[in-house]
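Visitor: Sharing coords_27.csv, CSV, C-alpha atoms (C1' of nucleotides):
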```
chain,number,residue,atom,x,y,z
A,2,MET,CA,10.8,-2.0,50.7
A,3,ASP,CA,10.7,-5.8,50.4
A,4,ASP,CA,11.1,-6.0,54.1
A,5,ASP,CA,7.5,-4.6,54.3
A,6,ILE,CA,6.6,-8.2,54.3
A,7,CYS,CA,9.2,-9.2,57.0
A,8,PRO,CA,7.1,-8.2,60.0
A,9,THR,CA,4.2,-10.4,58.8
A,10,GLU,CA,6.5,-13.4,58.4
A,11,THR,CA,8.1,-12.8,61.7
A,12,ALA,CA,4.7,-12.6,63.4
A,13,LEU,CA,3.6,-15.9,61.7
A,14,ASP,CA,6.8,-17.6,62.9
A,15,VAL,CA,6.2,-16.4,66.5
A,16,ILE,CA,2.6,-17.5,66.8
A,17,GLY,CA,2.7,-20.4,64.3
A,18,GLY,CA,3.6,-23.1,66.8
A,19,LYS,CA,1.1,-25.9,67.0
A,20,TRP,CA,-0.4,-24.9,70.3
A,21,LYS,CA,0.5,-21.2,70.5
A,22,GLY,CA,-2.7,-19.8,69.1
A,23,MET,CA,-4.7,-21.7,71.7
A,24,ILE,CA,-2.4,-20.9,74.5
A,25,LEU,CA,-2.5,-17.2,73.7
A,26,PHE,CA,-6.3,-17.5,73.4
A,27,TYR,CA,-6.7,-19.1,76.8
A,28,LEU,CA,-4.3,-16.7,78.5
A,29,ASN,CA,-6.5,-13.8,77.4
A,30,PRO,CA,-7.6,-12.0,79.6
A,31,ASP,CA,-6.7,-14.1,82.6
A,32,LYS,CA,-3.5,-15.6,84.0
A,33,LYS,CA,-3.6,-19.4,84.2
A,34,ARG,CA,-1.6,-22.0,86.1
A,35,PHE,CA,0.3,-24.7,84.3
A,36,ASN,CA,-2.3,-27.5,84.9
A,37,GLU,CA,-5.2,-25.2,84.1
A,38,LEU,CA,-3.8,-24.7,80.6
A,39,ARG,CA,-3.0,-28.4,80.3
A,40,ARG,CA,-6.6,-29.2,81.1
A,41,VAL,CA,-8.1,-27.0,78.4
A,42,LEU,CA,-5.6,-28.1,75.7
A,43,PRO,CA,-6.9,-31.5,74.6
A,44,GLY,CA,-4.1,-33.9,74.1
A,45,ILE,CA,-1.1,-31.7,74.8
A,46,THR,CA,1.7,-33.4,76.7
A,47,GLN,CA,3.6,-31.8,79.6
A,48,ARG,CA,6.7,-31.6,77.5
A,49,MET,CA,5.0,-29.7,74.7
A,50,LEU,CA,3.1,-27.3,76.9
A,51,THR,CA,6.4,-26.5,78.7
A,52,LYS,CA,8.2,-26.1,75.4
A,53,GLN,CA,5.6,-23.8,73.8
A,54,LEU,CA,5.3,-21.7,76.9
A,55,ARG,CA,9.1,-21.3,77.1
A,56,GLU,CA,9.2,-20.2,73.5
A,57,LEU,CA,6.4,-17.7,74.1
A,58,GLU,CA,8.3,-16.5,77.1
A,59,GLU,CA,11.5,-16.2,75.2
A,60,ASP,CA,9.7,-14.2,72.5
A,61,GLY,CA,8.3,-11.9,75.2
A,62,LEU,CA,4.6,-12.7,74.8
A,63,VAL,CA,4.1,-14.5,78.0
A,64,HIS,CA,5.2,-13.8,81.6
A,65,ARG,CA,6.0,-16.7,83.9
A,66,GLU,CA,5.6,-16.1,87.6
A,67,VAL,CA,6.9,-18.7,90.0
A,68,TYR,CA,5.7,-18.7,93.6
A,69,PRO,CA,8.2,-20.3,96.0
A,70,VAL,CA,5.6,-22.4,97.8
A,71,VAL,CA,4.9,-26.1,98.2
A,72,PRO,CA,3.2,-27.5,96.3
A,73,PRO,CA,4.8,-25.5,93.4
A,74,LYS,CA,2.7,-22.8,91.9
A,75,VAL,CA,3.4,-21.1,88.6
A,76,GLU,CA,1.2,-18.6,86.8
A,77,TYR,CA,1.4,-17.6,83.2
A,78,SER,CA,0.1,-14.3,81.9
A,79,LEU,CA,0.3,-12.2,78.8
A,80,THR,CA,2.8,-9.4,78.6
A,81,ASP,CA,1.8,-6.1,76.9
A,82,LEU,CA,3.2,-7.5,73.7
A,83,GLY,CA,1.1,-10.6,74.2
A,84,GLN,CA,-2.0,-8.5,74.9
A,85,ALA,CA,-1.3,-6.6,71.7
A,86,LEU,CA,-2.0,-9.7,69.8
A,87,SER,CA,-5.7,-9.7,70.4
A,88,PRO,CA,-6.5,-7.8,67.2
A,89,VAL,CA,-4.6,-10.4,65.2
A,90,LEU,CA,-6.3,-13.3,67.0
A,91,SER,CA,-9.7,-11.8,66.4
A,92,SER,CA,-9.2,-11.1,62.8
A,93,LEU,CA,-7.8,-14.6,62.4
A,94,LYS,CA,-10.9,-15.9,64.0
A,95,VAL,CA,-13.2,-13.9,61.8
A,96,TRP,CA,-11.5,-15.1,58.7
A,97,GLY,CA,-11.4,-18.6,60.0
A,98,GLU,CA,-15.1,-18.6,60.4
A,99,LYS,CA,-15.6,-17.5,56.8
A,100,TYR,CA,-13.2,-20.1,55.6
A,101,LEU,CA,-15.0,-22.9,57.5
A,102,GLU,CA,-18.3,-21.6,56.1
A,103,CYS,CA,-16.9,-21.8,52.6
A,104,LYS,CA,-15.6,-25.3,53.1
A,105,LYS,CA,-18.9,-26.5,54.5
A,106,SER,CA,-20.9,-25.4,51.5
A,107,LYS,CA,-18.8,-27.6,49.1
B,22,MET,CA,-17.9,-23.0,73.3
B,23,ASP,CA,-14.4,-24.4,73.2
B,24,ASP,CA,-14.7,-24.5,69.4
B,25,ASP,CA,-14.6,-20.7,69.5
B,26,ILE,CA,-10.9,-21.2,69.2
B,27,CYS,CA,-11.2,-23.7,66.3
B,28,PRO,CA,-11.5,-21.1,63.5
B,29,THR,CA,-8.3,-19.3,64.7
B,30,GLU,CA,-6.4,-22.6,64.7
B,31,THR,CA,-7.7,-23.5,61.3
B,32,ALA,CA,-6.7,-20.1,59.9
B,33,LEU,CA,-3.2,-20.5,61.3
B,34,ASP,CA,-2.9,-23.9,59.7
B,35,VAL,CA,-4.0,-22.6,56.3
B,36,ILE,CA,-1.7,-19.6,56.2
B,37,GLY,CA,1.1,-21.0,58.3
B,38,GLY,CA,3.1,-22.6,55.6
B,39,LYS,CA,6.7,-21.3,55.3
B,40,TRP,CA,6.0,-19.2,52.2
B,41,LYS,CA,2.3,-18.7,52.2
B,42,GLY,CA,2.2,-15.4,54.0
B,43,MET,CA,4.6,-13.9,51.4
B,44,ILE,CA,2.8,-15.5,48.5
B,45,LEU,CA,-0.5,-14.1,49.7
B,46,PHE,CA,1.1,-10.7,50.2
B,47,TYR,CA,2.5,-10.6,46.7
B,48,LEU,CA,-0.7,-11.8,45.1
B,49,ASN,CA,-2.5,-8.8,46.6
B,50,PRO,CA,-3.8,-7.0,44.7
B,51,ASP,CA,-2.4,-8.2,41.4
B,52,LYS,CA,-2.3,-11.5,39.7
B,53,LYS,CA,1.2,-12.9,39.1
B,54,ARG,CA,2.8,-15.4,36.9
B,55,PHE,CA,4.7,-18.4,38.3
B,56,ASN,CA,8.2,-16.9,37.6
B,57,GLU,CA,7.2,-13.5,38.8
B,58,LEU,CA,6.4,-15.0,42.2
B,59,ARG,CA,9.6,-17.0,42.0
B,60,ARG,CA,11.6,-13.9,41.5
B,61,VAL,CA,10.3,-12.0,44.4
B,62,LEU,CA,10.5,-14.9,46.8
B,63,PRO,CA,14.2,-15.1,47.7
B,64,GLY,CA,15.5,-18.6,47.8
B,65,ILE,CA,12.3,-20.5,47.1
B,66,THR,CA,12.7,-23.6,44.9
B,67,GLN,CA,10.3,-24.5,42.0
B,68,ARG,CA,9.1,-27.5,43.9
B,69,MET,CA,8.2,-25.5,47.0
B,70,LEU,CA,6.5,-22.7,45.1
B,71,THR,CA,4.4,-25.2,43.2
B,72,LYS,CA,3.6,-27.1,46.4
B,73,GLN,CA,2.6,-24.0,48.4
B,74,LEU,CA,0.5,-22.7,45.5
B,75,ARG,CA,-1.3,-26.0,45.1
B,76,GLU,CA,-2.1,-26.0,48.8
B,77,LEU,CA,-3.4,-22.5,48.7
B,78,GLU,CA,-5.5,-23.5,45.6
B,79,GLU,CA,-6.8,-26.6,47.3
B,80,ASP,CA,-7.8,-24.4,50.3
B,81,GLY,CA,-9.6,-22.0,48.0
B,82,LEU,CA,-7.5,-18.9,48.6
B,83,VAL,CA,-5.8,-18.8,45.2
B,84,HIS,CA,-7.1,-19.2,41.7
B,85,ARG,CA,-4.9,-20.8,39.0
B,86,GLU,CA,-5.6,-19.8,35.4
B,87,VAL,CA,-3.8,-21.7,32.7
B,88,TYR,CA,-3.5,-20.2,29.2
B,89,PRO,CA,-3.1,-22.9,26.5
B,90,VAL,CA,-0.3,-21.1,24.7
B,91,VAL,CA,3.3,-21.7,24.0
B,92,PRO,CA,5.3,-20.9,25.9
B,93,PRO,CA,3.1,-21.9,28.8
B,94,LYS,CA,1.5,-19.1,30.7
B,95,VAL,CA,-0.1,-19.5,34.1
B,96,GLU,CA,-1.5,-16.8,36.3
B,97,TYR,CA,-2.2,-16.9,40.0
B,98,SER,CA,-4.7,-14.6,41.7
B,99,LEU,CA,-6.5,-14.3,45.0
B,100,THR,CA,-10.1,-15.6,45.3
B,101,ASP,CA,-12.6,-13.7,47.3
B,102,LEU,CA,-11.6,-15.9,50.3
B,103,GLY,CA,-8.0,-14.9,49.6
B,104,GLN,CA,-8.9,-11.2,49.4
B,105,ALA,CA,-10.7,-11.5,52.7
B,106,LEU,CA,-7.4,-12.3,54.3
B,107,SER,CA,-6.1,-8.7,54.0
B,108,PRO,CA,-7.3,-7.6,57.4
B,109,VAL,CA,-5.5,-10.5,58.9
B,110,LEU,CA,-2.3,-9.8,57.0
B,111,SER,CA,-2.3,-6.2,57.9
B,112,SER,CA,-3.0,-6.8,61.6
B,113,LEU,CA,-0.2,-9.4,61.5
B,114,LYS,CA,2.1,-6.8,60.0
B,115,VAL,CA,1.2,-4.1,62.6
B,116,TRP,CA,1.9,-6.5,65.4
B,117,GLY,CA,5.0,-7.8,63.7
B,118,GLU,CA,6.4,-4.3,63.6
B,119,LYS,CA,5.7,-3.8,67.3
B,120,TYR,CA,7.4,-7.1,68.0
B,121,LEU,CA,10.5,-6.3,66.0
B,122,GLU,CA,10.6,-2.9,67.8
B,123,CYS,CA,10.5,-4.6,71.2
B,124,LYS,CA,13.3,-7.0,70.2
B,125,LYS,CA,15.5,-4.3,68.8
B,126,SER,CA,15.5,-2.4,72.1
B,127,LYS,CA,16.8,-5.3,74.1
C,24,DC,C1',2.4,-29.5,91.1
C,25,DC,C1',5.5,-28.5,87.6
C,26,DG,C1',8.4,-29.8,85.4
C,27,DT,C1',13.2,-32.5,82.9
C,28,DA,C1',15.4,-36.3,80.3
C,29,DT,C1',15.4,-39.6,76.5
C,30,DC,C1',14.2,-41.4,72.5
C,31,DC,C1',11.8,-41.5,68.1
C,32,DA,C1',8.3,-41.0,64.2
C,33,DC,C1',6.9,-38.1,60.9
C,34,DG,C1',6.2,-34.4,57.7
C,35,DT,C1',7.9,-30.2,56.0
C,36,DG,C1',10.9,-28.2,53.4
C,37,DG,C1',15.1,-28.3,50.3
C,38,DA,C1',18.7,-30.0,46.5
C,39,DT,C1',19.0,-31.6,42.2
C,40,DA,C1',17.9,-33.3,37.7
C,41,DC,C1',14.7,-33.8,34.1
C,42,DT,C1',10.2,-32.6,30.8
C,43,DG,C1',6.0,-31.0,27.8
D,9,DC,C1',7.8,-21.1,31.0
D,10,DA,C1',6.0,-23.9,34.3
D,11,DG,C1',6.3,-27.4,36.1
D,12,DT,C1',7.5,-33.3,37.8
D,13,DA,C1',10.3,-36.8,39.8
D,14,DT,C1',13.5,-38.4,43.4
D,15,DC,C1',15.9,-38.3,47.3
D,16,DC,C1',17.1,-36.6,51.7
D,17,DA,C1',18.2,-33.6,56.0
D,18,DC,C1',16.3,-31.6,59.7
D,19,DG,C1',13.3,-30.0,63.2
D,20,DT,C1',8.9,-30.2,65.2
D,21,DG,C1',6.1,-32.5,67.9
D,22,DG,C1',4.9,-36.8,70.6
D,23,DA,C1',5.5,-41.1,74.0
D,24,DT,C1',7.2,-42.4,78.0
D,25,DA,C1',9.7,-42.3,82.3
D,26,DC,C1',11.7,-40.0,86.1
D,27,DG,C1',12.8,-35.8,89.5
D,28,DG,C1',12.5,-31.5,92.9
```
Reformat the file's structure so that it appears as structure tokens.

Guide:
Amino acid sequence: MDDDICPTETALDVIGGKWKGMILFYLNPDKKRFNELRRVLPGITQRMLTKQLRELEEDGLVHREVYPVVPPKVEYSLTDLGQALSPVLSSLKVWGEKYLECKKSK
Amino acid sequence: MDDDICPTETALDVIGGKWKGMILFYLNPDKKRFNELRRVLPGITQRMLTKQLRELEEDGLVHREVYPVVPPKVEYSLTDLGQALSPVLSSLKVWGEKYLECKKSK
DNA sequence: CCGTATCCACGTGGATACTG
DNA sequence: CAGTATCCACGTGGATACGG
């Protein structure tokens, strides 16, 4: 019964990485290449982008497609499980807006 | 346009603390006393519970009511902003269950 | 273009002891 | 009962340089 809370905590762990929210956001709905993501994520380093993407891949939220061409081409996209996050992301956004609104008026 | 993502990130920052999800969960719908929370949060230390509660209070999600009696009595409850999180928490839970389901079958 | 390899600063979170 | 006060381990995240 107490483990009712467990899925919530697990979910927060999985998407709680510093850049993961933004990565998931930008991957929806379109697949993106490595440097495309890098460009829209202000200030992220290559190491961090790689790391966060690998973790998301490991957790089954993101699919990594490598094309054996030169120059290298890699595309990242959301899996079904990743797509299923969109209600979470949007409710998070709605609440975040309310939160920012509250803070502003203080 | 890019700051469309900002509320989402902000929200994740606010509720992303290690125990915050669980605290918010247990504070809904009933107010709780300090040691009540401590009892349902397996393994949390006094220091951490205090710290997380203070941060949630600072962020306006939790209200702290001190009764000037002996022995001391303090009650924590959700503010309106805190209540407004319930859609987020429940969508998080729904997705978390799906996630755990996926992992189990692998 | 898409990474990996090192190295390191910093903050979060924890252990433990004490207090009004 | 509901905290503070210290001290510290550890992992996350970042800077920088190099490689296929």

Visitor: Per residue of chain C within 10 Å of chain B, note the shortest atom pair and the distance in Å to one decimal, counting only C-alpha atoms (C1' of nucleotides), and order the rows by chain and increasing residue number, as JSON lines.

Guide:
```
{"residue": "C:DT35", "atom": "C1'", "partner": "B:Gly38", "partner_atom": "CA", "distance": 9.0}
{"residue": "C:DG36", "atom": "C1'", "partner": "B:Met69", "partner_atom": "CA", "distance": 7.5}
{"residue": "C:DG37", "atom": "C1'", "partner": "B:Thr66", "partner_atom": "CA", "distance": 7.6}
{"residue": "C:DA38", "atom": "C1'", "partner": "B:Thr66", "partner_atom": "CA", "distance": 8.9}
{"residue": "C:DG43", "atom": "C1'", "partner": "B:Pro93", "partner_atom": "CA", "distance": 9.6}
```

Visitor: Given the point (5.9, -24.6, 37.0) in the file's coordinates, find the residues that have an atom at most 7 Å from it, counting only C-alpha atoms (C1' of nucleotides), and give them as an MDAnalysis selection string.

Guide: (chainID B and resid 55 67 71) or (chainID D and resid 10:11)

Visitor: Work out how far CA of Tyr120 in chain B is from CA of Phe26 in chain A, in Å to one decimal.

Guide: 18.0 Å

Visitor: Could you give me chain B least-squares fitted onto chain A (all C-alpha atoms, paired in order), as a PDB file with C-alpha atoms, keeping the file's coordinate frame?

Guide:
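Result written to part-v4.pdb:
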```pdb
ATOM      1  CA  MET B  22      10.616  -2.022  50.556  1.00  0.00           C
ATOM      2  CA  ASP B  23      10.613  -5.782  50.278  1.00  0.00           C
ATOM      3  CA  ASP B  24      11.075  -5.922  54.061  1.00  0.00           C
ATOM      4  CA  ASP B  25       7.514  -4.614  54.335  1.00  0.00           C
ATOM      5  CA  ILE B  26       6.617  -8.251  54.331  1.00  0.00           C
ATOM      6  CA  CYS B  27       9.239  -9.178  56.981  1.00  0.00           C
ATOM      7  CA  PRO B  28       7.135  -8.230  60.040  1.00  0.00           C
ATOM      8  CA  THR B  29       4.194 -10.412  58.812  1.00  0.00           C
ATOM      9  CA  GLU B  30       6.539 -13.377  58.353  1.00  0.00           C
ATOM     10  CA  THR B  31       8.087 -12.844  61.726  1.00  0.00           C
ATOM     11  CA  ALA B  32       4.663 -12.666  63.388  1.00  0.00           C
ATOM     12  CA  LEU B  33       3.632 -15.911  61.721  1.00  0.00           C
ATOM     13  CA  ASP B  34       6.775 -17.592  62.949  1.00  0.00           C
ATOM     14  CA  VAL B  35       6.213 -16.439  66.529  1.00  0.00           C
ATOM     15  CA  ILE B  36       2.585 -17.480  66.772  1.00  0.00           C
ATOM     16  CA  GLY B  37       2.694 -20.373  64.358  1.00  0.00           C
ATOM     17  CA  GLY B  38       3.612 -23.079  66.742  1.00  0.00           C
ATOM     18  CA  LYS B  39       1.086 -25.965  66.926  1.00  0.00           C
ATOM     19  CA  TRP B  40      -0.386 -24.859  70.260  1.00  0.00           C
ATOM     20  CA  LYS B  41       0.531 -21.253  70.561  1.00  0.00           C
ATOM     21  CA  GLY B  42      -2.607 -19.773  69.111  1.00  0.00           C
ATOM     22  CA  MET B  43      -4.714 -21.706  71.680  1.00  0.00           C
ATOM     23  CA  ILE B  44      -2.366 -20.915  74.520  1.00  0.00           C
ATOM     24  CA  LEU B  45      -2.511 -17.230  73.693  1.00  0.00           C
ATOM     25  CA  PHE B  46      -6.288 -17.417  73.428  1.00  0.00           C
ATOM     26  CA  TYR B  47      -6.666 -19.026  76.818  1.00  0.00           C
ATOM     27  CA  LEU B  48      -4.253 -16.664  78.503  1.00  0.00           C
ATOM     28  CA  ASN B  49      -6.460 -13.751  77.436  1.00  0.00           C
ATOM     29  CA  PRO B  50      -7.512 -12.080  79.590  1.00  0.00           C
ATOM     30  CA  ASP B  51      -6.700 -14.145  82.651  1.00  0.00           C
ATOM     31  CA  LYS B  52      -3.569 -15.614  84.002  1.00  0.00           C
ATOM     32  CA  LYS B  53      -3.538 -19.425  84.220  1.00  0.00           C
ATOM     33  CA  ARG B  54      -1.672 -22.040  86.045  1.00  0.00           C
ATOM     34  CA  PHE B  55       0.300 -24.755  84.227  1.00  0.00           C
ATOM     35  CA  ASN B  56      -2.346 -27.515  84.834  1.00  0.00           C
ATOM     36  CA  GLU B  57      -5.201 -25.226  84.051  1.00  0.00           C
ATOM     37  CA  LEU B  58      -3.744 -24.694  80.580  1.00  0.00           C
ATOM     38  CA  ARG B  59      -3.074 -28.407  80.361  1.00  0.00           C
ATOM     39  CA  ARG B  60      -6.655 -29.174  81.032  1.00  0.00           C
ATOM     40  CA  VAL B  61      -8.124 -26.986  78.432  1.00  0.00           C
ATOM     41  CA  LEU B  62      -5.678 -27.991  75.746  1.00  0.00           C
ATOM     42  CA  PRO B  63      -6.934 -31.398  74.581  1.00  0.00           C
ATOM     43  CA  GLY B  64      -4.187 -33.871  74.044  1.00  0.00           C
ATOM     44  CA  ILE B  65      -1.188 -31.675  74.766  1.00  0.00           C
ATOM     45  CA  THR B  66       1.681 -33.399  76.612  1.00  0.00           C
ATOM     46  CA  GLN B  67       3.605 -31.797  79.564  1.00  0.00           C
ATOM     47  CA  ARG B  68       6.700 -31.594  77.459  1.00  0.00           C
ATOM     48  CA  MET B  69       4.975 -29.719  74.643  1.00  0.00           C
ATOM     49  CA  LEU B  70       3.147 -27.312  76.924  1.00  0.00           C
ATOM     50  CA  THR B  71       6.372 -26.474  78.703  1.00  0.00           C
ATOM     51  CA  LYS B  72       8.212 -26.108  75.391  1.00  0.00           C
ATOM     52  CA  GLN B  73       5.581 -23.849  73.783  1.00  0.00           C
ATOM     53  CA  LEU B  74       5.358 -21.720  76.934  1.00  0.00           C
ATOM     54  CA  ARG B  75       9.110 -21.302  77.124  1.00  0.00           C
ATOM     55  CA  GLU B  76       9.158 -20.191  73.505  1.00  0.00           C
ATOM     56  CA  LEU B  77       6.411 -17.718  74.042  1.00  0.00           C
ATOM     57  CA  GLU B  78       8.330 -16.451  77.162  1.00  0.00           C
ATOM     58  CA  GLU B  79      11.568 -16.211  75.253  1.00  0.00           C
ATOM     59  CA  ASP B  80       9.702 -14.181  72.563  1.00  0.00           C
ATOM     60  CA  GLY B  81       8.309 -11.868  75.208  1.00  0.00           C
ATOM     61  CA  LEU B  82       4.616 -12.618  74.780  1.00  0.00           C
ATOM     62  CA  VAL B  83       4.120 -14.494  78.050  1.00  0.00           C
ATOM     63  CA  HIS B  84       5.212 -13.788  81.572  1.00  0.00           C
ATOM     64  CA  ARG B  85       6.054 -16.679  83.943  1.00  0.00           C
ATOM     65  CA  GLU B  86       5.634 -16.026  87.664  1.00  0.00           C
ATOM     66  CA  VAL B  87       6.904 -18.657  90.032  1.00  0.00           C
ATOM     67  CA  TYR B  88       5.641 -18.736  93.636  1.00  0.00           C
ATOM     68  CA  PRO B  89       8.173 -20.364  96.019  1.00  0.00           C
ATOM     69  CA  VAL B  90       5.585 -22.477  97.796  1.00  0.00           C
ATOM     70  CA  VAL B  91       4.845 -26.097  98.187  1.00  0.00           C
ATOM     71  CA  PRO B  92       3.230 -27.465  96.245  1.00  0.00           C
ATOM     72  CA  PRO B  93       4.779 -25.505  93.416  1.00  0.00           C
ATOM     73  CA  LYS B  94       2.656 -22.810  91.918  1.00  0.00           C
ATOM     74  CA  VAL B  95       3.393 -21.136  88.612  1.00  0.00           C
ATOM     75  CA  GLU B  96       1.268 -18.633  86.793  1.00  0.00           C
ATOM     76  CA  TYR B  97       1.371 -17.651  83.157  1.00  0.00           C
ATOM     77  CA  SER B  98       0.060 -14.327  81.869  1.00  0.00           C
ATOM     78  CA  LEU B  99       0.230 -12.221  78.746  1.00  0.00           C
ATOM     79  CA  THR B 100       2.756  -9.335  78.562  1.00  0.00           C
ATOM     80  CA  ASP B 101       1.795  -6.127  76.936  1.00  0.00           C
ATOM     81  CA  LEU B 102       3.254  -7.557  73.670  1.00  0.00           C
ATOM     82  CA  GLY B 103       1.033 -10.592  74.221  1.00  0.00           C
ATOM     83  CA  GLN B 104      -2.041  -8.426  74.851  1.00  0.00           C
ATOM     84  CA  ALA B 105      -1.316  -6.540  71.667  1.00  0.00           C
ATOM     85  CA  LEU B 106      -1.915  -9.726  69.775  1.00  0.00           C
ATOM     86  CA  SER B 107      -5.711  -9.643  70.345  1.00  0.00           C
ATOM     87  CA  PRO B 108      -6.511  -7.790  67.161  1.00  0.00           C
ATOM     88  CA  VAL B 109      -4.601 -10.366  65.260  1.00  0.00           C
ATOM     89  CA  LEU B 110      -6.313 -13.261  66.999  1.00  0.00           C
ATOM     90  CA  SER B 111      -9.706 -11.854  66.465  1.00  0.00           C
ATOM     91  CA  SER B 112      -9.140 -11.056  62.780  1.00  0.00           C
ATOM     92  CA  LEU B 113      -7.772 -14.608  62.429  1.00  0.00           C
ATOM     93  CA  LYS B 114     -10.934 -15.935  64.022  1.00  0.00           C
ATOM     94  CA  VAL B 115     -13.273 -13.855  61.772  1.00  0.00           C
ATOM     95  CA  TRP B 116     -11.503 -15.100  58.705  1.00  0.00           C
ATOM     96  CA  GLY B 117     -11.341 -18.614  60.053  1.00  0.00           C
ATOM     97  CA  GLU B 118     -15.095 -18.640  60.407  1.00  0.00           C
ATOM     98  CA  LYS B 119     -15.547 -17.439  56.832  1.00  0.00           C
ATOM     99  CA  TYR B 120     -13.175 -20.149  55.691  1.00  0.00           C
ATOM    100  CA  LEU B 121     -14.936 -22.925  57.546  1.00  0.00           C
ATOM    101  CA  GLU B 122     -18.242 -21.594  56.093  1.00  0.00           C
ATOM    102  CA  CYS B 123     -16.862 -21.783  52.555  1.00  0.00           C
ATOM    103  CA  LYS B 124     -15.618 -25.351  53.117  1.00  0.00           C
ATOM    104  CA  LYS B 125     -18.842 -26.540  54.628  1.00  0.00           C
ATOM    105  CA  SER B 126     -20.823 -25.515  51.542  1.00  0.00           C
ATOM    106  CA  LYS B 127     -18.760 -27.578  49.178  1.00  0.00           C
TER     107      LYS B 127
END
```

Visitor: Would you mind listing what lies within 12 Å of Met43 in chain B as a PyMOL selection string, with only C-alpha atoms (C1' of nucleotides) counted and same-chain residues fewer than 4 positions away left out?

Guide: (chain A and resi 3-11+13) or (chain B and resi 36-39+47-49+58-59+61-63+65+70+73-74+110+114)

Visitor: Selected residues, C-alpha atoms, written as a PDB file, in the frame of the given file, please.

Guide:
```pdb
ATOM      1  CA  ASP A   3      10.700  -5.800  50.400  1.00  0.00           C
ATOM      2  CA  ASP A   4      11.100  -6.000  54.100  1.00  0.00           C
ATOM      3  CA  ASP A   5       7.500  -4.600  54.300  1.00  0.00           C
ATOM      4  CA  ILE A   6       6.600  -8.200  54.300  1.00  0.00           C
ATOM      5  CA  CYS A   7       9.200  -9.200  57.000  1.00  0.00           C
ATOM      6  CA  PRO A   8       7.100  -8.200  60.000  1.00  0.00           C
ATOM      7  CA  THR A   9       4.200 -10.400  58.800  1.00  0.00           C
ATOM      8  CA  GLU A  10       6.500 -13.400  58.400  1.00  0.00           C
ATOM      9  CA  THR A  11       8.100 -12.800  61.700  1.00  0.00           C
ATOM     10  CA  LEU A  13       3.600 -15.900  61.700  1.00  0.00           C
TER      11      LEU A  13
ATOM     12  CA  ILE B  36      -1.700 -19.600  56.200  1.00  0.00           C
ATOM     13  CA  GLY B  37       1.100 -21.000  58.300  1.00  0.00           C
ATOM     14  CA  GLY B  38       3.100 -22.600  55.600  1.00  0.00           C
ATOM     15  CA  LYS B  39       6.700 -21.300  55.300  1.00  0.00           C
ATOM     16  CA  TYR B  47       2.500 -10.600  46.700  1.00  0.00           C
ATOM     17  CA  LEU B  48      -0.700 -11.800  45.100  1.00  0.00           C
ATOM     18  CA  ASN B  49      -2.500  -8.800  46.600  1.00  0.00           C
ATOM     19  CA  LEU B  58       6.400 -15.000  42.200  1.00  0.00           C
ATOM     20  CA  ARG B  59       9.600 -17.000  42.000  1.00  0.00           C
ATOM     21  CA  VAL B  61      10.300 -12.000  44.400  1.00  0.00           C
ATOM     22  CA  LEU B  62      10.500 -14.900  46.800  1.00  0.00           C
ATOM     23  CA  PRO B  63      14.200 -15.100  47.700  1.00  0.00           C
ATOM     24  CA  ILE B  65      12.300 -20.500  47.100  1.00  0.00           C
ATOM     25  CA  LEU B  70       6.500 -22.700  45.100  1.00  0.00           C
ATOM     26  CA  GLN B  73       2.600 -24.000  48.400  1.00  0.00           C
ATOM     27  CA  LEU B  74       0.500 -22.700  45.500  1.00  0.00           C
ATOM     28  CA  LEU B 110      -2.300  -9.800  57.000  1.00  0.00           C
ATOM     29  CA  LYS B 114       2.100  -6.800  60.000  1.00  0.00           C
TER      30      LYS B 114
END
```

Visitor: Give me, as a ChimeraX atom specification, all polymer residues having an atom no more than 9 Å from Glu66 in chain A, counting only C-alpha atoms (C1' of nucleotides) and skipping those fewer than 5 positions away in the same chain.

Guide: /A:74-78

Visitor: In terms of the shortest atom-to-atom distance over all atoms listed in the file, which of B:Pro89, B:Glu122, B:Lys72, B:Ser112 is closest to chain A?

Guide: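 Selected residue with least distance to chain A: B:Ser112.
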
Visitor: Of the candidates A:Ser106, A:Arg34, A:Trp20, A:Leu82, which one gets nearest to chain D if we count all atoms listed in the file?

Guide: A:Trp20

Visitor: Find the residues with any atom within 12 Å of (-17.8, -24.2, 42.7); use all atoms listed in the file and the coordinates as given in the file, and write the answer as a PyMOL selection string.

Guide: (chain A and resi 103-104+106-107) or (chain B and resi 81+84+100)

Visitor: Can I get the residues of chain D within 12 Å of chain A, each with the closest pair of atoms and their distance in Å to one decimal, using all atoms listed in the file, sorted chain first then ascending number, as JSON lines?

Guide:
```
{"residue": "D:DT20", "atom": "C1'", "partner": "A:Gly18", "partner_atom": "CA", "distance": 9.0}
{"residue": "D:DG21", "atom": "C1'", "partner": "A:Met49", "partner_atom": "CA", "distance": 7.4}
{"residue": "D:DG22", "atom": "C1'", "partner": "A:Thr46", "partner_atom": "CA", "distance": 7.7}
{"residue": "D:DA23", "atom": "C1'", "partner": "A:Thr46", "partner_atom": "CA", "distance": 9.0}
{"residue": "D:DT24", "atom": "C1'", "partner": "A:Thr46", "partner_atom": "CA", "distance": 10.6}
{"residue": "D:DG28", "atom": "C1'", "partner": "A:Pro73", "partner_atom": "CA", "distance": 9.8}
```

Visitor: May I ask for the distance between CA of Asp34 in chain B and CA of Leu79 in chain A, given in Å to one decimal place?

Guide: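 Between these atoms lies a distance of 22.6 Å.
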
Visitor: Skipping near chain neighbours, those fewer than 5 positions away, what residues fall within 12 Å of DA13 in chain D using all atoms listed in the file, listed as a PyMOL selection string?

Guide: (chain B and resi 68) or (chain C and resi 39-42)

Visitor: Selected residues, C-alpha atoms (C1' of nucleotides), written as a CSV table (one decimal), in the coordinates of the input, please.

Guide:
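Written out: part-v4.csv:
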```
chain,number,residue,atom,x,y,z
B,68,ARG,CA,9.1,-27.5,43.9
C,39,DT,C1',19.0,-31.6,42.2
C,40,DA,C1',17.9,-33.3,37.7
C,41,DC,C1',14.7,-33.8,34.1
C,42,DT,C1',10.2,-32.6,30.8
```
